[in-house]
file protein37.cif (mmCIF, N, CA and C atoms)
data_coords
loop_
_atom_site.label_atom_id
_atom_site.label_comp_id
_atom_site.auth_asym_id
_atom_site.auth_seq_id
_atom_site.Cartn_x
_atom_site.Cartn_y
_atom_site.Cartn_z
N LEU X 1 -80.21 -101.42 -30.40
CA LEU X 1 -80.35 -100.74 -31.68
C LEU X 1 -79.78 -101.61 -32.79
N LYS X 2 -78.61 -102.19 -32.55
CA LYS X 2 -77.99 -103.03 -33.57
C LYS X 2 -78.88 -104.22 -33.91
N GLN X 3 -79.42 -104.86 -32.90
CA GLN X 3 -80.27 -106.02 -33.15
C GLN X 3 -81.57 -105.60 -33.82
N HIS X 4 -82.09 -104.44 -33.48
CA HIS X 4 -83.31 -103.94 -34.12
C HIS X 4 -83.05 -103.70 -35.60
N LEU X 5 -81.93 -103.09 -35.93
CA LEU X 5 -81.62 -102.80 -37.34
C LEU X 5 -81.34 -104.08 -38.13
N ARG X 6 -80.79 -105.07 -37.46
CA ARG X 6 -80.51 -106.34 -38.14
C ARG X 6 -81.70 -107.29 -38.10
N GLU X 7 -82.77 -106.84 -37.47
CA GLU X 7 -84.00 -107.61 -37.35
C GLU X 7 -83.76 -108.96 -36.68
N THR X 8 -82.94 -108.93 -35.62
CA THR X 8 -82.73 -110.13 -34.81
C THR X 8 -83.47 -109.94 -33.49
N THR X 9 -83.69 -110.99 -32.80
CA THR X 9 -84.45 -110.94 -31.57
C THR X 9 -83.64 -110.33 -30.43
N THR X 10 -84.26 -109.47 -29.66
CA THR X 10 -83.60 -108.83 -28.52
C THR X 10 -84.08 -109.39 -27.20
N THR X 11 -84.91 -110.39 -27.24
CA THR X 11 -85.57 -110.89 -26.05
C THR X 11 -84.58 -111.28 -24.96
N ASN X 12 -83.60 -112.09 -25.28
CA ASN X 12 -82.68 -112.59 -24.26
C ASN X 12 -81.88 -111.47 -23.62
N ASP X 13 -81.34 -110.56 -24.41
CA ASP X 13 -80.53 -109.47 -23.86
C ASP X 13 -81.35 -108.57 -22.95
N VAL X 14 -82.55 -108.23 -23.39
CA VAL X 14 -83.40 -107.34 -22.58
C VAL X 14 -83.79 -108.03 -21.28
N TYR X 15 -84.23 -109.27 -21.38
CA TYR X 15 -84.62 -110.00 -20.18
C TYR X 15 -83.45 -110.11 -19.20
N GLU X 16 -82.29 -110.49 -19.69
CA GLU X 16 -81.14 -110.65 -18.80
C GLU X 16 -80.78 -109.34 -18.12
N ALA X 17 -80.77 -108.24 -18.87
CA ALA X 17 -80.40 -106.95 -18.28
C ALA X 17 -81.43 -106.47 -17.27
N LEU X 18 -82.69 -106.59 -17.61
CA LEU X 18 -83.73 -106.06 -16.72
C LEU X 18 -84.07 -107.00 -15.57
N LEU X 19 -83.99 -108.28 -15.82
CA LEU X 19 -84.29 -109.22 -14.73
C LEU X 19 -83.20 -109.20 -13.67
N SER X 20 -81.96 -108.93 -14.09
CA SER X 20 -80.89 -108.86 -13.10
C SER X 20 -81.10 -107.69 -12.14
N SER X 21 -81.86 -106.68 -12.59
CA SER X 21 -82.15 -105.54 -11.71
C SER X 21 -83.61 -105.57 -11.23
N HIS X 22 -84.28 -106.69 -11.37
CA HIS X 22 -85.64 -106.91 -10.86
C HIS X 22 -86.68 -106.00 -11.53
N HIS X 23 -86.63 -105.86 -12.83
CA HIS X 23 -87.59 -105.05 -13.57
C HIS X 23 -88.27 -105.89 -14.64
N GLU X 24 -88.95 -106.94 -14.22
CA GLU X 24 -89.59 -107.85 -15.17
C GLU X 24 -90.71 -107.17 -15.96
N ALA X 25 -91.45 -106.26 -15.33
CA ALA X 25 -92.53 -105.55 -16.03
C ALA X 25 -91.97 -104.70 -17.17
N ASP X 26 -90.83 -104.04 -16.92
CA ASP X 26 -90.19 -103.25 -17.98
C ASP X 26 -89.74 -104.15 -19.12
N ALA X 27 -89.19 -105.30 -18.77
CA ALA X 27 -88.72 -106.23 -19.81
C ALA X 27 -89.88 -106.67 -20.70
N ARG X 28 -91.02 -107.01 -20.10
CA ARG X 28 -92.18 -107.42 -20.90
C ARG X 28 -92.68 -106.28 -21.79
N LEU X 29 -92.71 -105.08 -21.24
CA LEU X 29 -93.18 -103.93 -22.00
C LEU X 29 -92.28 -103.66 -23.21
N ILE X 30 -90.99 -103.73 -23.01
CA ILE X 30 -90.04 -103.43 -24.09
C ILE X 30 -90.07 -104.53 -25.14
N ILE X 31 -90.13 -105.76 -24.72
CA ILE X 31 -90.13 -106.88 -25.67
C ILE X 31 -91.41 -106.91 -26.48
N SER X 32 -92.52 -106.51 -25.87
CA SER X 32 -93.79 -106.55 -26.60
C SER X 32 -93.91 -105.42 -27.62
N ASP X 33 -93.09 -104.39 -27.48
CA ASP X 33 -93.13 -103.26 -28.41
C ASP X 33 -92.50 -103.66 -29.74
N ARG X 34 -93.05 -103.13 -30.83
CA ARG X 34 -92.54 -103.45 -32.16
C ARG X 34 -91.14 -102.89 -32.37
N LYS X 35 -90.87 -101.71 -31.79
CA LYS X 35 -89.56 -101.09 -31.88
C LYS X 35 -88.96 -101.01 -30.48
N ALA X 36 -88.22 -102.03 -30.12
CA ALA X 36 -87.67 -102.11 -28.77
C ALA X 36 -86.78 -100.92 -28.42
N PRO X 37 -85.91 -100.43 -29.31
CA PRO X 37 -85.08 -99.27 -28.94
C PRO X 37 -85.93 -98.04 -28.59
N ALA X 38 -87.00 -97.80 -29.33
CA ALA X 38 -87.87 -96.66 -29.02
C ALA X 38 -88.56 -96.87 -27.68
N ALA X 39 -88.94 -98.09 -27.38
CA ALA X 39 -89.57 -98.39 -26.09
C ALA X 39 -88.58 -98.17 -24.95
N ILE X 40 -87.34 -98.54 -25.17
CA ILE X 40 -86.30 -98.32 -24.14
C ILE X 40 -86.11 -96.82 -23.91
N LEU X 41 -86.06 -96.04 -24.98
CA LEU X 41 -85.92 -94.59 -24.83
C LEU X 41 -87.12 -93.98 -24.09
N ARG X 42 -88.34 -94.44 -24.41
CA ARG X 42 -89.52 -93.94 -23.69
C ARG X 42 -89.43 -94.26 -22.20
N ARG X 43 -89.02 -95.49 -21.89
CA ARG X 43 -88.92 -95.88 -20.49
C ARG X 43 -87.84 -95.08 -19.77
N LEU X 44 -86.73 -94.82 -20.44
CA LEU X 44 -85.68 -94.00 -19.82
C LEU X 44 -86.18 -92.59 -19.55
N ARG X 45 -86.97 -92.05 -20.47
CA ARG X 45 -87.54 -90.71 -20.26
C ARG X 45 -88.46 -90.71 -19.04
N GLN X 46 -89.25 -91.77 -18.89
CA GLN X 46 -90.12 -91.87 -17.73
C GLN X 46 -89.31 -91.94 -16.43
N ILE X 47 -88.25 -92.70 -16.44
CA ILE X 47 -87.41 -92.84 -15.26
C ILE X 47 -86.77 -91.50 -14.90
N ILE X 48 -86.28 -90.78 -15.90
CA ILE X 48 -85.65 -89.48 -15.67
C ILE X 48 -86.68 -88.48 -15.13
N ALA X 49 -87.89 -88.48 -15.71
CA ALA X 49 -88.93 -87.57 -15.24
C ALA X 49 -89.31 -87.88 -13.79
N THR X 50 -89.41 -89.15 -13.46
CA THR X 50 -89.73 -89.55 -12.08
C THR X 50 -88.62 -89.13 -11.13
N ALA X 51 -87.37 -89.36 -11.53
CA ALA X 51 -86.24 -88.98 -10.67
C ALA X 51 -86.19 -87.47 -10.47
N PHE X 52 -86.52 -86.72 -11.49
CA PHE X 52 -86.54 -85.26 -11.37
C PHE X 52 -87.68 -84.82 -10.46
N ALA X 53 -88.85 -85.42 -10.61
CA ALA X 53 -90.00 -85.06 -9.79
C ALA X 53 -89.77 -85.40 -8.32
N GLU X 54 -89.05 -86.47 -8.08
CA GLU X 54 -88.76 -86.87 -6.69
C GLU X 54 -87.59 -86.10 -6.10
N GLY X 55 -86.88 -85.35 -6.94
CA GLY X 55 -85.74 -84.59 -6.45
C GLY X 55 -84.45 -85.38 -6.39
N THR X 56 -84.44 -86.57 -6.98
CA THR X 56 -83.23 -87.40 -6.99
C THR X 56 -82.15 -86.78 -7.87
N ILE X 57 -82.58 -86.19 -8.97
CA ILE X 57 -81.63 -85.49 -9.84
C ILE X 57 -82.09 -84.04 -9.98
N GLY X 58 -81.13 -83.17 -10.26
CA GLY X 58 -81.44 -81.75 -10.41
C GLY X 58 -81.80 -81.40 -11.84
N GLY X 59 -82.11 -80.14 -12.04
CA GLY X 59 -82.51 -79.66 -13.36
C GLY X 59 -81.42 -79.79 -14.40
N ASN X 60 -80.17 -79.49 -14.02
CA ASN X 60 -79.07 -79.60 -14.98
C ASN X 60 -78.85 -81.04 -15.42
N GLU X 61 -78.88 -81.95 -14.46
CA GLU X 61 -78.71 -83.36 -14.80
C GLU X 61 -79.85 -83.86 -15.68
N GLN X 62 -81.07 -83.41 -15.36
CA GLN X 62 -82.23 -83.82 -16.15
C GLN X 62 -82.10 -83.33 -17.58
N ARG X 63 -81.67 -82.08 -17.76
CA ARG X 63 -81.49 -81.52 -19.12
C ARG X 63 -80.41 -82.28 -19.89
N LEU X 64 -79.29 -82.57 -19.22
CA LEU X 64 -78.21 -83.30 -19.90
C LEU X 64 -78.66 -84.70 -20.30
N LEU X 65 -79.35 -85.37 -19.40
CA LEU X 65 -79.83 -86.72 -19.72
C LEU X 65 -80.84 -86.67 -20.87
N GLU X 66 -81.70 -85.67 -20.85
CA GLU X 66 -82.69 -85.54 -21.93
C GLU X 66 -82.02 -85.23 -23.26
N GLN X 67 -80.97 -84.42 -23.24
CA GLN X 67 -80.22 -84.14 -24.48
C GLN X 67 -79.59 -85.42 -25.03
N ASN X 68 -79.04 -86.24 -24.13
CA ASN X 68 -78.46 -87.52 -24.57
C ASN X 68 -79.52 -88.42 -25.17
N LEU X 69 -80.69 -88.46 -24.54
CA LEU X 69 -81.77 -89.29 -25.08
C LEU X 69 -82.25 -88.76 -26.43
N GLN X 70 -82.26 -87.44 -26.59
CA GLN X 70 -82.64 -86.87 -27.89
C GLN X 70 -81.63 -87.26 -28.96
N SER X 71 -80.36 -87.26 -28.61
CA SER X 71 -79.32 -87.68 -29.56
C SER X 71 -79.50 -89.14 -29.95
N LEU X 72 -79.78 -89.98 -28.98
CA LEU X 72 -80.02 -91.39 -29.27
C LEU X 72 -81.27 -91.58 -30.13
N ASP X 73 -82.31 -90.81 -29.83
CA ASP X 73 -83.54 -90.88 -30.61
C ASP X 73 -83.29 -90.45 -32.05
N LYS X 74 -82.50 -89.41 -32.22
CA LYS X 74 -82.17 -88.93 -33.57
C LYS X 74 -81.35 -89.99 -34.32
N ALA X 75 -80.42 -90.62 -33.63
CA ALA X 75 -79.61 -91.67 -34.26
C ALA X 75 -80.49 -92.85 -34.66
N LEU X 76 -81.44 -93.22 -33.81
CA LEU X 76 -82.36 -94.31 -34.12
C LEU X 76 -83.19 -93.98 -35.36
N ALA X 77 -83.73 -92.76 -35.42
CA ALA X 77 -84.53 -92.36 -36.57
C ALA X 77 -83.70 -92.35 -37.85
N THR X 78 -82.47 -91.87 -37.76
CA THR X 78 -81.59 -91.83 -38.93
C THR X 78 -81.27 -93.24 -39.41
N CYS X 79 -80.95 -94.13 -38.49
CA CYS X 79 -80.65 -95.52 -38.86
C CYS X 79 -81.86 -96.19 -39.50
N ASP X 80 -83.04 -95.94 -38.94
CA ASP X 80 -84.26 -96.52 -39.53
C ASP X 80 -84.50 -96.00 -40.94
N ARG X 81 -84.25 -94.70 -41.16
CA ARG X 81 -84.43 -94.13 -42.50
C ARG X 81 -83.44 -94.74 -43.49
N VAL X 82 -82.19 -94.87 -43.07
CA VAL X 82 -81.18 -95.44 -43.96
C VAL X 82 -81.53 -96.89 -44.29
N ARG X 83 -81.95 -97.63 -43.27
CA ARG X 83 -82.28 -99.05 -43.46
C ARG X 83 -83.49 -99.24 -44.38
N SER X 84 -84.46 -98.33 -44.28
CA SER X 84 -85.68 -98.51 -45.06
C SER X 84 -85.61 -97.90 -46.46
N THR X 85 -84.53 -97.17 -46.75
CA THR X 85 -84.39 -96.57 -48.07
C THR X 85 -83.84 -97.61 -49.03
N PRO X 86 -84.60 -97.96 -50.06
CA PRO X 86 -84.10 -98.98 -50.99
C PRO X 86 -83.00 -98.43 -51.89
N ILE X 87 -82.09 -99.30 -52.26
CA ILE X 87 -81.03 -98.93 -53.19
C ILE X 87 -81.56 -99.18 -54.60
N PRO X 88 -81.57 -98.14 -55.43
CA PRO X 88 -82.08 -98.34 -56.79
C PRO X 88 -81.27 -99.40 -57.54
N PRO X 89 -81.94 -100.26 -58.29
CA PRO X 89 -81.24 -101.33 -59.02
C PRO X 89 -80.20 -100.79 -60.00
N VAL X 90 -80.41 -99.58 -60.48
CA VAL X 90 -79.47 -98.99 -61.44
C VAL X 90 -78.08 -98.86 -60.82
N TYR X 91 -78.01 -98.53 -59.52
CA TYR X 91 -76.71 -98.39 -58.87
C TYR X 91 -75.96 -99.71 -58.85
N GLY X 92 -76.65 -100.77 -58.53
CA GLY X 92 -76.00 -102.08 -58.50
C GLY X 92 -75.49 -102.52 -59.85
N SER X 93 -76.30 -102.34 -60.87
CA SER X 93 -75.86 -102.75 -62.21
C SER X 93 -74.74 -101.85 -62.72
N HIS X 94 -74.81 -100.56 -62.38
CA HIS X 94 -73.75 -99.63 -62.80
C HIS X 94 -72.42 -100.01 -62.12
N ALA X 95 -72.46 -100.32 -60.84
CA ALA X 95 -71.24 -100.70 -60.13
C ALA X 95 -70.67 -101.99 -60.69
N SER X 96 -71.52 -102.94 -61.03
CA SER X 96 -71.04 -104.20 -61.60
C SER X 96 -70.37 -103.97 -62.96
N ARG X 97 -70.99 -103.14 -63.78
CA ARG X 97 -70.38 -102.84 -65.10
C ARG X 97 -69.05 -102.12 -64.94
N LEU X 98 -68.98 -101.18 -64.02
CA LEU X 98 -67.74 -100.46 -63.79
C LEU X 98 -66.64 -101.40 -63.31
N MET X 99 -66.99 -102.35 -62.46
CA MET X 99 -66.01 -103.30 -61.96
C MET X 99 -65.50 -104.20 -63.08
N VAL X 100 -66.39 -104.67 -63.95
CA VAL X 100 -65.98 -105.51 -65.08
C VAL X 100 -65.06 -104.71 -66.01
N PHE X 101 -65.41 -103.47 -66.25
CA PHE X 101 -64.58 -102.59 -67.08
C PHE X 101 -63.19 -102.44 -66.46
N TYR X 102 -63.14 -102.20 -65.16
CA TYR X 102 -61.87 -102.05 -64.45
C TYR X 102 -61.04 -103.33 -64.55
N LEU X 103 -61.68 -104.48 -64.30
CA LEU X 103 -60.95 -105.75 -64.33
C LEU X 103 -60.48 -106.11 -65.74
N ALA X 104 -61.21 -105.67 -66.76
CA ALA X 104 -60.81 -105.95 -68.13
C ALA X 104 -59.55 -105.17 -68.52
N PHE X 105 -59.42 -103.95 -68.01
CA PHE X 105 -58.29 -103.13 -68.40
C PHE X 105 -57.14 -103.16 -67.39
N LEU X 106 -57.33 -103.80 -66.26
CA LEU X 106 -56.27 -103.90 -65.25
C LEU X 106 -55.02 -104.61 -65.78
N PRO X 107 -55.14 -105.73 -66.49
CA PRO X 107 -53.91 -106.39 -66.99
C PRO X 107 -53.09 -105.50 -67.92
N MET X 108 -53.76 -104.70 -68.73
CA MET X 108 -53.01 -103.82 -69.64
C MET X 108 -52.22 -102.78 -68.86
N ALA X 109 -52.77 -102.30 -67.77
CA ALA X 109 -52.06 -101.32 -66.96
C ALA X 109 -50.91 -101.96 -66.19
N LEU X 110 -51.10 -103.20 -65.75
CA LEU X 110 -50.06 -103.87 -64.95
C LEU X 110 -48.90 -104.38 -65.79
N LEU X 111 -49.10 -104.61 -67.08
CA LEU X 111 -48.02 -105.14 -67.93
C LEU X 111 -46.81 -104.21 -67.96
N ASN X 112 -47.01 -102.92 -67.76
CA ASN X 112 -45.89 -101.98 -67.76
C ASN X 112 -45.01 -102.13 -66.52
N PHE X 113 -45.58 -102.72 -65.43
CA PHE X 113 -44.85 -102.78 -64.17
C PHE X 113 -44.50 -104.19 -63.73
N LEU X 114 -45.19 -105.19 -64.26
CA LEU X 114 -44.99 -106.58 -63.82
C LEU X 114 -44.77 -107.48 -65.02
N PRO X 115 -44.11 -108.62 -64.81
CA PRO X 115 -44.02 -109.60 -65.89
C PRO X 115 -45.40 -110.21 -66.14
N VAL X 116 -45.54 -110.96 -67.20
CA VAL X 116 -46.83 -111.52 -67.60
C VAL X 116 -47.42 -112.38 -66.47
N ARG X 117 -46.59 -113.25 -65.90
CA ARG X 117 -47.10 -114.12 -64.82
C ARG X 117 -47.57 -113.29 -63.62
N GLY X 118 -46.82 -112.27 -63.24
CA GLY X 118 -47.22 -111.40 -62.13
C GLY X 118 -48.50 -110.65 -62.44
N THR X 119 -48.64 -110.22 -63.70
CA THR X 119 -49.86 -109.52 -64.10
C THR X 119 -51.08 -110.42 -63.96
N ILE X 120 -50.92 -111.67 -64.38
CA ILE X 120 -52.03 -112.62 -64.28
C ILE X 120 -52.38 -112.88 -62.82
N GLU X 121 -51.36 -113.09 -62.00
CA GLU X 121 -51.61 -113.39 -60.58
C GLU X 121 -52.29 -112.21 -59.88
N VAL X 122 -51.78 -111.01 -60.10
CA VAL X 122 -52.36 -109.83 -59.45
C VAL X 122 -53.78 -109.60 -59.95
N THR X 123 -54.01 -109.76 -61.25
CA THR X 123 -55.36 -109.57 -61.80
C THR X 123 -56.33 -110.58 -61.21
N LEU X 124 -55.89 -111.83 -61.06
CA LEU X 124 -56.75 -112.85 -60.47
C LEU X 124 -57.08 -112.53 -59.01
N MET X 125 -56.07 -112.10 -58.26
CA MET X 125 -56.31 -111.78 -56.85
C MET X 125 -57.25 -110.58 -56.70
N VAL X 126 -56.99 -109.54 -57.46
CA VAL X 126 -57.84 -108.35 -57.39
C VAL X 126 -59.25 -108.68 -57.86
N GLY X 127 -59.35 -109.45 -58.94
CA GLY X 127 -60.66 -109.84 -59.45
C GLY X 127 -61.43 -110.66 -58.44
N TYR X 128 -60.77 -111.60 -57.78
CA TYR X 128 -61.43 -112.43 -56.78
C TYR X 128 -61.96 -111.56 -55.63
N ALA X 129 -61.12 -110.63 -55.17
CA ALA X 129 -61.54 -109.76 -54.07
C ALA X 129 -62.70 -108.86 -54.48
N MET X 130 -62.60 -108.27 -55.66
CA MET X 130 -63.65 -107.34 -56.09
C MET X 130 -64.97 -108.07 -56.38
N LEU X 131 -64.89 -109.24 -56.99
CA LEU X 131 -66.12 -109.99 -57.25
C LEU X 131 -66.76 -110.47 -55.95
N GLY X 132 -65.93 -110.80 -54.96
CA GLY X 132 -66.45 -111.17 -53.65
C GLY X 132 -67.15 -110.00 -52.98
N LEU X 133 -66.54 -108.82 -53.04
CA LEU X 133 -67.18 -107.63 -52.48
C LEU X 133 -68.48 -107.29 -53.21
N ASP X 134 -68.49 -107.50 -54.53
CA ASP X 134 -69.70 -107.24 -55.30
C ASP X 134 -70.82 -108.19 -54.86
N GLU X 135 -70.47 -109.44 -54.63
CA GLU X 135 -71.47 -110.41 -54.18
C GLU X 135 -72.00 -110.03 -52.80
N ILE X 136 -71.12 -109.60 -51.91
CA ILE X 136 -71.55 -109.17 -50.58
C ILE X 136 -72.47 -107.96 -50.68
N SER X 137 -72.16 -107.03 -51.57
CA SER X 137 -73.02 -105.85 -51.72
C SER X 137 -74.41 -106.24 -52.23
N HIS X 138 -74.48 -107.25 -53.08
CA HIS X 138 -75.80 -107.71 -53.55
C HIS X 138 -76.60 -108.34 -52.42
N LEU X 139 -75.89 -109.04 -51.51
CA LEU X 139 -76.58 -109.61 -50.35
C LEU X 139 -77.10 -108.52 -49.43
N PHE X 140 -76.33 -107.44 -49.26
CA PHE X 140 -76.78 -106.32 -48.43
C PHE X 140 -78.00 -105.65 -49.03
N GLU X 141 -78.07 -105.57 -50.35
CA GLU X 141 -79.20 -104.92 -50.99
C GLU X 141 -80.49 -105.64 -50.68
N GLN X 142 -80.41 -106.95 -50.51
CA GLN X 142 -81.62 -107.73 -50.24
C GLN X 142 -81.98 -107.58 -48.79
#

call {"tool": "encode", "arguments": {"input": "protein37.cif", "output": "C-alpha coordinates"}}
result
Amino acid sequence: LKQHLRETTTTNDVYEALLSSHHEADARLIISDRKAPAAILRRLRQIIATAFAEGTIGGNEQRLLEQNLQSLDKALATCDRVRSTPIPPVYGSHASRLMVFYLAFLPMALLNFLPVRGTIEVTLMVGYAMLGLDEISHLFEQ
(Lines of atoms letter the chains of each structure in order from A and count residues from 1; the text may use other names and numbers.)
(Lines give C-alpha, C1' and ligand atoms only; values in the text may rest on other atoms or scores of the structure.)
Protein backbone atom coordinates (compact mmCIF):
# COMPACT_ATOMS: atom_id res chain seq x y z
CA LEU A 1 0.00 0.00 0.00
CA LYS A 2 2.79 2.40 0.92
CA GLN A 3 4.62 1.80 -2.33
CA HIS A 4 1.38 2.11 -4.31
CA LEU A 5 0.63 5.49 -2.72
CA ARG A 6 4.18 6.69 -3.31
CA GLU A 7 4.01 5.42 -6.88
CA THR A 8 7.13 3.29 -6.48
CA THR A 9 7.58 -0.14 -7.96
CA THR A 10 6.41 -3.13 -5.93
CA THR A 11 7.79 -5.76 -8.26
CA ASN A 12 10.73 -6.92 -6.15
CA ASP A 13 8.83 -7.16 -2.86
CA VAL A 14 5.90 -9.03 -4.38
CA TYR A 15 8.12 -11.43 -6.29
CA GLU A 16 10.30 -12.16 -3.27
CA ALA A 17 7.32 -12.79 -0.98
CA LEU A 18 5.36 -14.93 -3.41
CA LEU A 19 8.25 -16.78 -4.99
CA SER A 20 9.51 -17.85 -1.58
CA SER A 21 6.17 -19.63 -1.15
CA HIS A 22 6.10 -20.97 -4.75
CA HIS A 23 3.28 -18.74 -6.05
CA GLU A 24 4.80 -17.32 -9.23
CA ALA A 25 1.42 -17.12 -11.02
CA ASP A 26 0.04 -14.96 -8.19
CA ALA A 27 3.09 -12.72 -8.35
CA ARG A 28 2.63 -12.15 -12.10
CA LEU A 29 -1.08 -11.46 -11.66
CA ILE A 30 -0.52 -8.91 -8.89
CA ILE A 31 2.36 -7.15 -10.62
CA SER A 32 0.45 -6.87 -13.89
CA ASP A 33 -2.49 -5.18 -12.14
CA ARG A 34 -2.56 -1.38 -12.16
CA LYS A 35 -3.44 -1.31 -8.45
CA ALA A 36 -1.36 -4.00 -6.79
CA PRO A 37 -2.90 -3.58 -3.30
CA ALA A 38 -6.40 -4.13 -4.71
CA ALA A 39 -5.15 -7.19 -6.60
CA ILE A 40 -3.64 -8.56 -3.39
CA LEU A 41 -6.95 -8.06 -1.57
CA ARG A 42 -8.85 -9.82 -4.39
CA ARG A 43 -6.44 -12.75 -4.26
CA LEU A 44 -6.75 -12.99 -0.48
CA ARG A 45 -10.53 -13.08 -0.82
CA GLN A 46 -10.20 -15.93 -3.32
CA ILE A 47 -7.91 -17.84 -0.97
CA ILE A 48 -10.29 -17.37 1.97
CA ALA A 49 -13.30 -18.46 -0.13
CA THR A 50 -11.42 -21.57 -1.28
CA ALA A 51 -10.34 -22.41 2.27
CA PHE A 52 -13.92 -22.01 3.48
CA ALA A 53 -15.30 -24.16 0.65
CA GLU A 54 -12.76 -26.88 1.39
CA GLY A 55 -13.57 -26.77 5.10
CA THR A 56 -10.09 -25.63 6.10
CA ILE A 57 -11.53 -22.68 7.99
CA GLY A 58 -14.91 -22.33 9.66
CA GLY A 59 -17.61 -19.75 9.20
CA ASN A 60 -16.48 -17.57 12.12
CA GLU A 61 -12.90 -17.45 10.89
CA GLN A 62 -14.09 -16.68 7.36
CA ARG A 63 -16.25 -13.78 8.61
CA LEU A 64 -13.41 -12.36 10.72
CA LEU A 65 -10.95 -12.58 7.85
CA GLU A 66 -13.46 -10.97 5.50
CA GLN A 67 -14.05 -8.13 7.99
CA ASN A 68 -10.29 -7.53 8.14
CA LEU A 69 -10.10 -7.47 4.36
CA GLN A 70 -13.00 -5.01 4.24
CA SER A 71 -11.14 -2.75 6.67
CA LEU A 72 -8.02 -2.92 4.52
CA ASP A 73 -10.08 -2.22 1.41
CA LYS A 74 -11.67 0.79 3.09
CA ALA A 75 -8.24 2.08 4.15
CA LEU A 76 -6.95 1.65 0.59
CA ALA A 77 -9.91 3.58 -0.85
CA THR A 78 -9.50 6.35 1.72
CA CYS A 79 -5.77 6.68 1.02
CA ASP A 80 -6.41 6.80 -2.72
CA ARG A 81 -9.02 9.54 -2.25
CA VAL A 82 -6.71 11.61 -0.06
CA ARG A 83 -3.83 11.16 -2.50
CA SER A 84 -5.90 12.13 -5.53
CA THR A 85 -7.51 15.19 -3.93
CA PRO A 86 -5.59 18.26 -5.05
CA ILE A 87 -4.67 20.94 -2.54
CA PRO A 88 -6.10 24.26 -3.69
CA PRO A 89 -3.34 26.79 -4.46
CA VAL A 90 -5.04 29.32 -2.20
CA TYR A 91 -4.14 27.21 0.86
CA GLY A 92 -0.46 27.20 -0.01
CA SER A 93 -0.28 30.92 -0.63
CA HIS A 94 -2.32 31.65 2.51
CA ALA A 95 0.00 29.51 4.64
CA SER A 96 3.07 31.22 3.17
CA ARG A 97 1.66 34.68 3.89
CA LEU A 98 0.74 33.68 7.43
CA MET A 99 4.25 32.35 8.02
CA VAL A 100 5.86 35.57 6.73
CA PHE A 101 3.53 37.59 8.96
CA TYR A 102 4.48 35.42 11.96
CA LEU A 103 8.21 35.69 11.25
CA ALA A 104 7.96 39.47 10.81
CA PHE A 105 6.40 39.96 14.23
CA LEU A 106 8.32 37.26 16.11
CA PRO A 107 11.31 39.52 16.97
CA MET A 108 9.00 42.11 18.52
CA ALA A 109 7.47 39.47 20.77
CA LEU A 110 10.84 38.00 21.74
CA LEU A 111 12.44 41.35 22.68
CA ASN A 112 10.46 41.34 25.94
CA PHE A 113 12.07 38.03 26.98
CA LEU A 114 15.50 37.91 25.30
CA PRO A 115 18.37 40.30 24.65
CA VAL A 116 18.74 41.63 21.10
CA ARG A 117 21.34 39.02 20.11
CA GLY A 118 19.18 36.18 21.49
CA THR A 119 16.15 37.56 19.66
CA ILE A 120 18.06 37.57 16.38
CA GLU A 121 19.39 34.06 16.89
CA VAL A 122 16.01 32.59 17.86
CA THR A 123 14.26 34.38 14.98
CA LEU A 124 16.83 33.05 12.52
CA MET A 125 16.51 29.49 13.81
CA VAL A 126 12.71 29.55 13.82
CA GLY A 127 12.66 31.20 10.40
CA TYR A 128 15.03 28.61 8.95
CA ALA A 129 12.92 25.75 10.32
CA MET A 130 9.61 27.24 9.18
CA LEU A 131 10.86 28.13 5.70
CA GLY A 132 12.25 24.61 5.36
CA LEU A 133 8.90 23.11 6.33
CA ASP A 134 7.17 25.44 3.88
CA GLU A 135 9.46 24.24 1.10
CA ILE A 136 8.78 20.61 2.00
CA SER A 137 5.03 21.28 1.93
CA HIS A 138 5.35 22.73 -1.58
CA LEU A 139 7.17 19.58 -2.68
CA PHE A 140 4.35 17.44 -1.24
CA GLU A 141 1.78 19.47 -3.14
CA GLN A 142 3.43 18.50 -6.40

call {"tool": "resolve_selection", "arguments": {"input": "protein37.cif", "expression": "the PyMOL selection byres ((chain X and resi 64-81) around 8)", "output": "number ranges by chain"}}
result
X: 1, 5, 37-38, 41, 44-45, 48, 58-63, 82-86

call {"tool": "closest_residue", "arguments": {"input": "protein37.cif", "among": "X:Ala25, X:Ile47, X:Met99, X:Ile87", "to": "X:Met130", "atoms": "only N, CA and C atoms"}}
result
X:Met99

call {"tool": "atom_distance", "arguments": {"input": "protein37.cif", "atom1": "atom N of X:Phe52", "atom2": "atom CA of X:Ala36"}}
result
23.2 Å

call {"tool": "atom_distance", "arguments": {"input": "protein37.cif", "atom1": "atom CA of X:Gly92", "atom2": "atom CA of X:Leu131"}}
result
12.7 Å

call {"tool": "atom_distance", "arguments": {"input": "protein37.cif", "atom1": "atom C of X:Thr123", "atom2": "atom N of X:Pro107"}}
result
7.3 Å

call {"tool": "residues_around", "arguments": {"input": "protein37.cif", "residues": "X:Leu110", "least_positions_apart": "5", "cutoff": "6.5 Å", "atoms": "only N, CA and C atoms", "output": "ChimeraX atom specification"}}
result
/X:105,115,119

call {"tool": "write_last_selection", "arguments": {"input": "protein37.cif", "atoms": "N, CA and C atoms", "output": "short mmCIF file (atom, residue, chain, number, x, y, z; two decimals), in the frame of the given file"}}
result
data_model
loop_
_atom_site.label_atom_id
_atom_site.label_comp_id
_atom_site.auth_asym_id
_atom_site.auth_seq_id
_atom_site.Cartn_x
_atom_site.Cartn_y
_atom_site.Cartn_z
N PHE X 105 -59.42 -103.95 -68.01
CA PHE X 105 -58.29 -103.13 -68.40
C PHE X 105 -57.14 -103.16 -67.39
N PRO X 115 -44.11 -108.62 -64.81
CA PRO X 115 -44.02 -109.60 -65.89
C PRO X 115 -45.40 -110.21 -66.14
N THR X 119 -48.64 -110.22 -63.70
CA THR X 119 -49.86 -109.52 -64.10
C THR X 119 -51.08 -110.42 -63.96
#

call {"tool": "closest_residue", "arguments": {"input": "protein37.cif", "among": "X:Lys35, X:Ala104, X:His138, X:Leu114", "to": "X:Pro89", "atoms": "only C-alpha atoms"}}
result
X:His138

call {"tool": "select_by_dssp", "arguments": {"input": "protein37.cif", "residues": "stretch 22-97 of chain X", "states": "helix (DSSP H, G or I)", "output": "PyMOL selection string"}}
result
chain X and resi 24-32+36-54+59-84+89-97
